[in-house]
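Report on the structure given below.
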Amino acid sequence: MTEAETSIRSNYRVRASELVGRNWLNTGGKQLNLVDFRGKVLLLDFWSFCCINCLHVLDELRPLEEKYRDVLVTVGVHSPKFEHEADPVAHAAAIERYEIHHPVLDDPELETWQAYSARAWPTLVVVDPEGYIVAHLSGEGHAGGLASLVEELVTVHEAKGTLHRGDGPYVPAESTAGDLRFPGKVIALPDGVGSAG
């Protein structure tokens, strides 16, 4: 990075917008605000559950979330691409089906999507521990660059005293599937006799 780019980056900082939507999932019922993420590196993942590229990104982010779990919080911002994706029941089922283990903001009116100038599914936005946007990316394949950026942000904000380690606001949702994930399926019992599940 050149000296000019460094000074532009440090002198022109954009404050992250509030996270607005219909509801939060994977938070134990708590409604979160941007201030709840202060002190953490925040990764906003704008996705929709019928977008294959978005599903690929979920898998790309899992190792990153695990490695930096005490400093990085991923928030899925579910911004529906198609009308049926705005159904809250279908949305909650998709979160369970795809085993999403981070907070998810339901954004059916695309308010947060528009506030962050998202233009594609998926879009990733990184917010530093002080609440400023430091990266805005579209598409897949950014895990390596994101890991480098998180390392840089951790170093800078640990030195400044603005990084807070510890757990994020994720609370596992109760499973809606229970033992009847596959109703009507015949289950083999130990004695070889089947029963309807």
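Letters A, B, ... go to the chains of the structure tokens in the order shown; residues in each chain start at 1; ligands are counted from 1 in the same order.
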
Closest contacts (segment 97-182 of chain A/segment 28-35 of chain A, max 9 Å, only C-alpha atoms) as CSV:
```
residue,atom,partner,partner_atom,distance
A:Leu105,CA,A:Leu32,CA,8.8
A:Gly131,CA,A:Leu34,CA,7.8
A:Pro169,CA,A:Leu32,CA,8.5
A:Tyr170,CA,A:Gly28,CA,7.8
A:Val171,CA,A:Gly28,CA,5.2
A:Pro172,CA,A:Gly28,CA,7.2
A:Ala173,CA,A:Gly28,CA,6.8
```

Export of prior selection with C-alpha atoms as a tab-separated table (two decimals), in the first residue's frame:
```tsv
chain	number	residue	atom	x	y	z
A	105	LEU	CA	-30.60	-10.52	11.07
A	131	GLY	CA	-17.46	0.69	14.25
A	169	PRO	CA	-23.75	-12.94	20.98
A	170	TYR	CA	-24.51	-16.31	19.29
A	171	VAL	CA	-27.06	-18.45	21.12
A	172	PRO	CA	-27.98	-21.80	19.50
A	173	ALA	CA	-31.62	-21.99	18.46
```

May I have all residues of segment 53-175 of chain A that DSSP, computed from the backbone, assigns to strand (DSSP E), given as a list in words?
Leu72, Val73, Thr74, Val75, Gly76, Val77, His78, Val104, Leu105, Asp106, Thr123, Leu124, Val125, Val126, Val127, Tyr132, Ile133, Val134, Ala135, His136, Leu137 and Ser138 of chain A

Please report, as CSV, each residue of segment 118-155 of chain A lying at most 12 Å from segment 107-114 of chain A, together with the nearest pair of atoms and the separation in Å rounded to one decimal; use only C-alpha atoms, and order rows by chain and ascending residue number.
```
residue,atom,partner,partner_atom,distance
A:Ala118,CA,A:Trp113,CA,5.4
A:Arg119,CA,A:Trp113,CA,8.2
A:Ala120,CA,A:Trp113,CA,9.7
A:Trp121,CA,A:Trp113,CA,10.2
A:Pro122,CA,A:Trp113,CA,10.7
A:Thr123,CA,A:Trp113,CA,9.1
A:Leu124,CA,A:Trp113,CA,10.8
A:Val125,CA,A:Trp113,CA,10.6
```

As a PyMOL selection string, please: all residues of segment 6-188 of chain A that backbone DSSP puts in alpha helix (DSSP H).
chain A and resi 6-11+52-67+88-97+111-115+143-160

Could you jot down the atom CA of Val77 of chain A to atom CA of Leu55 of chain A separation for me, Å, one decimal place?
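A separation of 13.1 Å between them.
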
When you count only C-alpha atoms, which of these residues is closest to Ile100 of chain A: A:Leu43, A:Ile133, A:Leu61, A:Leu72?
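Among A:Leu43, A:Ile133, A:Leu61, A:Leu72, it is A:Leu61 that comes nearest to Ile100 of chain A.
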
Determine the nearest neighbour of Arg13 of chain A from the options A:Lys40, A:Arg165, A:Ala159, A:Tyr132, counting only C-alpha atoms.
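With only C-alpha atoms as the atom set, the closest residue is A:Tyr132.
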
Of the candidates A:Lys81, A:His164, A:Arg38, A:Arg22, which shows the shortest atom-to-atom distance to Asp128 of chain A, using only C-alpha atoms?
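Among A:Lys81, A:His164, A:Arg38, A:Arg22, it is A:Arg38 that comes nearest to Asp128 of chain A.
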
Find, counting only C-alpha atoms, the residue in A:Ser117, A:Asn53, A:Ser48, A:Thr27 that gets nearest to Glu85 of chain A.
A:Ser48

Which of these, A:Glu96, A:Glu83, A:Asp106, A:Asp59, has the shortest distance to Val20 of chain A once you count only C-alpha atoms?
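Result for the nearest residue to Val20 of chain A: A:Asp106.
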